[in-house]
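Source file: model_18.cif. Holds: mmCIF, C-alpha atoms.
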data_input
loop_
_atom_site.group_PDB
_atom_site.id
_atom_site.type_symbol
_atom_site.label_atom_id
_atom_site.label_comp_id
_atom_site.auth_asym_id
_atom_site.auth_seq_id
_atom_site.Cartn_x
_atom_site.Cartn_y
_atom_site.Cartn_z
ATOM 1 C CA MET E 1461 -8.893 -5.789 3.427
ATOM 2 C CA TRP E 1462 -9.557 -2.318 2.147
ATOM 3 C CA LEU E 1463 -6.093 -1.664 0.768
ATOM 4 C CA LEU E 1464 -5.443 -0.133 -2.609
ATOM 5 C CA THR E 1465 -5.269 -2.803 -5.283
ATOM 6 C CA ASN E 1466 -2.609 -2.771 -7.962
ATOM 7 C CA GLN E 1467 -5.113 -1.548 -10.555
ATOM 8 C CA GLU E 1468 -6.218 1.313 -8.303
ATOM 9 C CA ILE E 1469 -2.606 2.381 -7.742
ATOM 10 C CA ILE E 1470 -1.900 2.338 -11.482
ATOM 11 C CA LYS E 1471 -5.139 4.209 -12.238
ATOM 12 C CA LYS E 1472 -4.397 6.959 -9.717
ATOM 13 C CA TRP E 1473 -0.789 7.201 -10.959
ATOM 14 C CA LYS E 1474 -1.976 7.653 -14.539
ATOM 15 C CA GLN E 1475 -4.409 10.338 -13.362
ATOM 16 C CA GLY E 1476 -1.455 12.363 -12.115
ATOM 17 C CA LEU E 1477 -0.807 11.452 -8.482
ATOM 18 C CA SER E 1478 2.864 11.233 -7.619
ATOM 19 C CA LYS E 1479 4.333 8.021 -6.323
ATOM 20 C CA ASN E 1480 5.096 9.718 -3.006
ATOM 21 C CA ARG E 1481 1.443 10.718 -2.567
ATOM 22 C CA LEU E 1482 0.345 7.179 -3.495
ATOM 23 C CA ALA E 1483 2.787 5.750 -0.954
ATOM 24 C CA LEU E 1484 1.354 8.029 1.717
ATOM 25 C CA ILE E 1485 -2.192 6.900 0.911
ATOM 26 C CA TYR E 1486 -1.141 3.236 0.859
ATOM 27 C CA LYS E 1487 0.706 3.578 4.183
ATOM 28 C CA ARG E 1488 -2.260 5.271 5.827
ATOM 29 C CA GLU E 1489 -4.708 2.582 4.678
ATOM 30 C CA TYR E 1490 -2.370 -0.282 5.571
ATOM 31 C CA ASN E 1491 -1.628 1.019 9.068
ATOM 32 C CA MET E 1492 -5.325 1.708 9.685
ATOM 33 C CA GLN E 1493 -6.111 -1.898 8.775
ATOM 34 C CA ILE E 1494 -3.458 -3.107 11.230
ATOM 35 C CA LYS E 1495 -5.010 -0.943 13.968
ATOM 36 C CA ILE E 1496 -8.426 -2.447 13.275
ATOM 37 C CA ASN E 1497 -7.026 -5.993 13.399
ATOM 38 C CA ARG E 1498 -5.217 -5.304 16.672
ATOM 39 C CA GLN E 1499 -8.446 -4.299 18.402
ATOM 40 C CA VAL E 1500 -9.390 -7.969 18.638
ATOM 41 C CA MET E 1501 -7.740 -9.479 21.692
ATOM 42 C CA ARG E 1502 -6.679 -12.584 19.774
ATOM 43 C CA HIS E 1503 -4.745 -10.559 17.175
ATOM 44 C CA ARG E 1504 -3.334 -7.836 19.421
ATOM 45 C CA HIS E 1505 0.297 -8.610 18.484
ATOM 46 C CA ARG E 1506 -0.293 -9.572 14.859
ATOM 47 C CA GLY E 1507 1.086 -7.483 12.017
ATOM 48 C CA ARG E 1508 3.388 -4.519 12.094
ATOM 49 C CA PHE E 1509 3.132 -0.983 10.859
ATOM 50 C CA ILE E 1510 4.986 -0.008 7.704
ATOM 51 C CA SER E 1511 7.148 3.048 7.176
ATOM 52 C CA ASN E 1512 7.069 5.584 4.351
ATOM 53 C CA PHE E 1513 10.016 3.847 2.728
ATOM 54 C CA GLU E 1514 8.299 0.439 2.717
ATOM 55 C CA ALA E 1515 5.104 1.902 1.266
ATOM 56 C CA LEU E 1516 7.103 3.706 -1.417
ATOM 57 C CA ARG E 1517 8.917 0.469 -2.290
ATOM 58 C CA HIS E 1518 5.576 -1.293 -2.751
ATOM 59 C CA VAL E 1519 4.135 1.472 -4.958
ATOM 60 C CA GLU E 1520 7.313 1.816 -7.041
ATOM 61 C CA THR E 1521 7.388 -1.934 -7.702
ATOM 62 C CA ILE E 1522 3.825 -1.866 -9.026
ATOM 63 C CA ILE E 1523 4.495 1.177 -11.219
ATOM 64 C CA TYR E 1524 7.766 -0.292 -12.517
ATOM 65 C CA ASN E 1525 6.057 -3.564 -13.473
ATOM 66 C CA GLU E 1526 3.318 -1.638 -15.290
ATOM 67 C CA ILE E 1527 5.864 0.369 -17.279
ATOM 68 C CA LYS E 1528 7.832 -2.780 -18.080
ATOM 69 C CA GLU E 1529 4.726 -4.594 -19.358
ATOM 70 C CA ASN E 1530 3.638 -1.647 -21.506
ATOM 71 C CA SER E 1531 7.058 -1.299 -23.113
ATOM 72 C CA LYS E 1532 6.925 -4.826 -24.561
#
What would you get if you wrote out this structure as C-alpha cells?
Amino acid sequence: MWLLTNQEIIKKWKQGLSKNRLALIYKREYNMQIKINRQVMRHRHRGRFISNFEALRHVETIIYNEIKENSK
C-alpha cells in the first residue's frame, strides 16, 4: 500500500502541517487505494471508504503517541 506511514505523518506534522491537513491527505490516499483494489472483479466489495473524522482519529492517535513517548 502507498499510505502514509507513522513516521511520515510525524515528520510532516513536525514540519508544520496541521493535523486536519494530514487527515485530509491520509483520507485521500486511503480512499484512492480502496478504489484501486475495487477495480479487480474479485475484490469489488472489499474495503470501505473512510470519512474525515476517521482519518483525523487515526492521525491524532499517531501524534498523541509521539508526544507521549517524547515526554517520558
Do a neighbour search on E:Arg1517 at 12 Å with all atoms listed in the file, toss out local chain neighbours closer than 3 positions, and write the hits as a JSON list (two decimals) with C-alpha atoms, in the coordinates of the input.
[["chain", "number", "residue", "atom", "x", "y", "z"],
["E", 1479, "LYS", "CA", 4.33, 8.02, -6.32],
["E", 1480, "ASN", "CA", 5.10, 9.72, -3.01],
["E", 1482, "LEU", "CA", 0.34, 7.18, -3.50],
["E", 1483, "ALA", "CA", 2.79, 5.75, -0.95],
["E", 1484, "LEU", "CA", 1.35, 8.03, 1.72],
["E", 1486, "TYR", "CA", -1.14, 3.24, 0.86],
["E", 1487, "LYS", "CA", 0.71, 3.58, 4.18],
["E", 1510, "ILE", "CA", 4.99, -0.01, 7.70],
["E", 1511, "SER", "CA", 7.15, 3.05, 7.18],
["E", 1512, "ASN", "CA", 7.07, 5.58, 4.35],
["E", 1513, "PHE", "CA", 10.02, 3.85, 2.73],
["E", 1514, "GLU", "CA", 8.30, 0.44, 2.72],
["E", 1520, "GLU", "CA", 7.31, 1.82, -7.04],
["E", 1521, "THR", "CA", 7.39, -1.93, -7.70],
["E", 1522, "ILE", "CA", 3.82, -1.87, -9.03],
["E", 1523, "ILE", "CA", 4.50, 1.18, -11.22],
["E", 1524, "TYR", "CA", 7.77, -0.29, -12.52]]
Find the spatial neighbours of stretch 1489-1496 of chain E, counting all atoms listed in the file, within a cut-off of 10 Å - ignore same-chain residues fewer than 2 positions away - and output them as a ChimeraX atom specification.
/E:1461-1464,1483-1487,1498-1500,1503-1511,1515
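Atom pair atom CA of E:Gly1476 / atom CA of E:Glu1529 has a distance of 19.4 Å (rounded to one decimal).
Distance annotation: of E:Arg1488, E:Ile1469, E:Leu1477, E:Arg1502, the residue with the minimal separation from E:Asn1525 is E:Ile1469; atom set is all atoms listed in the file.
Across the model, the gap from atom CA of E:Arg1481 to atom CA of E:Lys1528 is 21.5 Å.
Our summary of the geometry notes that atom CA of E:Asn1466 is positioned 15.0 Å from atom CA of E:Asn1530.
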From the structure just shown, export stretch 1507-1532 of chain E with N, CA and C atoms as a short mmCIF file (atom, residue, chain, number, x, y, z; two decimals), in the first residue's frame.
data_model
loop_
_atom_site.label_atom_id
_atom_site.label_comp_id
_atom_site.auth_asym_id
_atom_site.auth_seq_id
_atom_site.Cartn_x
_atom_site.Cartn_y
_atom_site.Cartn_z
N GLY E 1507 -13.31 -3.75 1.44
CA GLY E 1507 -12.90 -2.45 1.96
C GLY E 1507 -14.03 -1.43 1.95
N ARG E 1508 -13.85 -0.40 2.72
CA ARG E 1508 -14.82 0.68 2.72
C ARG E 1508 -14.07 2.00 2.84
N PHE E 1509 -14.70 3.03 2.32
CA PHE E 1509 -14.09 4.35 2.35
C PHE E 1509 -14.17 4.91 3.77
N ILE E 1510 -13.19 5.75 4.11
CA ILE E 1510 -13.21 6.35 5.44
C ILE E 1510 -13.64 7.81 5.32
N SER E 1511 -14.15 8.32 6.42
CA SER E 1511 -14.61 9.71 6.46
C SER E 1511 -13.49 10.61 6.99
N ASN E 1512 -13.73 11.90 6.98
CA ASN E 1512 -12.77 12.85 7.53
C ASN E 1512 -12.53 12.58 9.01
N PHE E 1513 -13.60 12.26 9.73
CA PHE E 1513 -13.48 12.02 11.16
C PHE E 1513 -12.61 10.80 11.45
N GLU E 1514 -12.77 9.74 10.68
CA GLU E 1514 -11.97 8.53 10.90
C GLU E 1514 -10.50 8.77 10.56
N ALA E 1515 -10.24 9.52 9.52
CA ALA E 1515 -8.86 9.86 9.17
C ALA E 1515 -8.23 10.74 10.25
N LEU E 1516 -8.99 11.69 10.76
CA LEU E 1516 -8.49 12.55 11.82
C LEU E 1516 -8.21 11.76 13.09
N ARG E 1517 -9.05 10.79 13.41
CA ARG E 1517 -8.82 9.94 14.58
C ARG E 1517 -7.51 9.17 14.43
N HIS E 1518 -7.25 8.65 13.24
CA HIS E 1518 -6.01 7.91 13.00
C HIS E 1518 -4.79 8.81 13.17
N VAL E 1519 -4.82 9.99 12.58
CA VAL E 1519 -3.69 10.92 12.64
C VAL E 1519 -3.49 11.41 14.07
N GLU E 1520 -4.56 11.74 14.77
CA GLU E 1520 -4.43 12.23 16.15
C GLU E 1520 -3.85 11.17 17.07
N THR E 1521 -4.21 9.91 16.86
CA THR E 1521 -3.67 8.83 17.68
C THR E 1521 -2.16 8.72 17.49
N ILE E 1522 -1.70 8.82 16.27
CA ILE E 1522 -0.26 8.74 15.99
C ILE E 1522 0.47 9.92 16.63
N ILE E 1523 -0.07 11.12 16.48
CA ILE E 1523 0.56 12.31 17.04
C ILE E 1523 0.56 12.25 18.57
N TYR E 1524 -0.54 11.81 19.16
CA TYR E 1524 -0.63 11.69 20.61
C TYR E 1524 0.40 10.71 21.14
N ASN E 1525 0.55 9.56 20.49
CA ASN E 1525 1.54 8.58 20.93
C ASN E 1525 2.95 9.12 20.82
N GLU E 1526 3.23 9.90 19.79
CA GLU E 1526 4.55 10.51 19.64
C GLU E 1526 4.83 11.51 20.76
N ILE E 1527 3.85 12.33 21.09
CA ILE E 1527 4.03 13.29 22.17
C ILE E 1527 4.22 12.57 23.50
N LYS E 1528 3.43 11.52 23.71
CA LYS E 1528 3.53 10.76 24.96
C LYS E 1528 4.90 10.10 25.11
N GLU E 1529 5.44 9.56 24.03
CA GLU E 1529 6.76 8.93 24.10
C GLU E 1529 7.87 9.95 24.32
N ASN E 1530 7.74 11.13 23.74
CA ASN E 1530 8.78 12.15 23.90
C ASN E 1530 8.75 12.80 25.27
N SER E 1531 7.62 12.74 25.95
CA SER E 1531 7.53 13.37 27.27
C SER E 1531 8.12 12.50 28.37
N LYS E 1532 8.42 11.25 28.08
CA LYS E 1532 8.99 10.36 29.09
C LYS E 1532 10.45 10.64 29.33
#
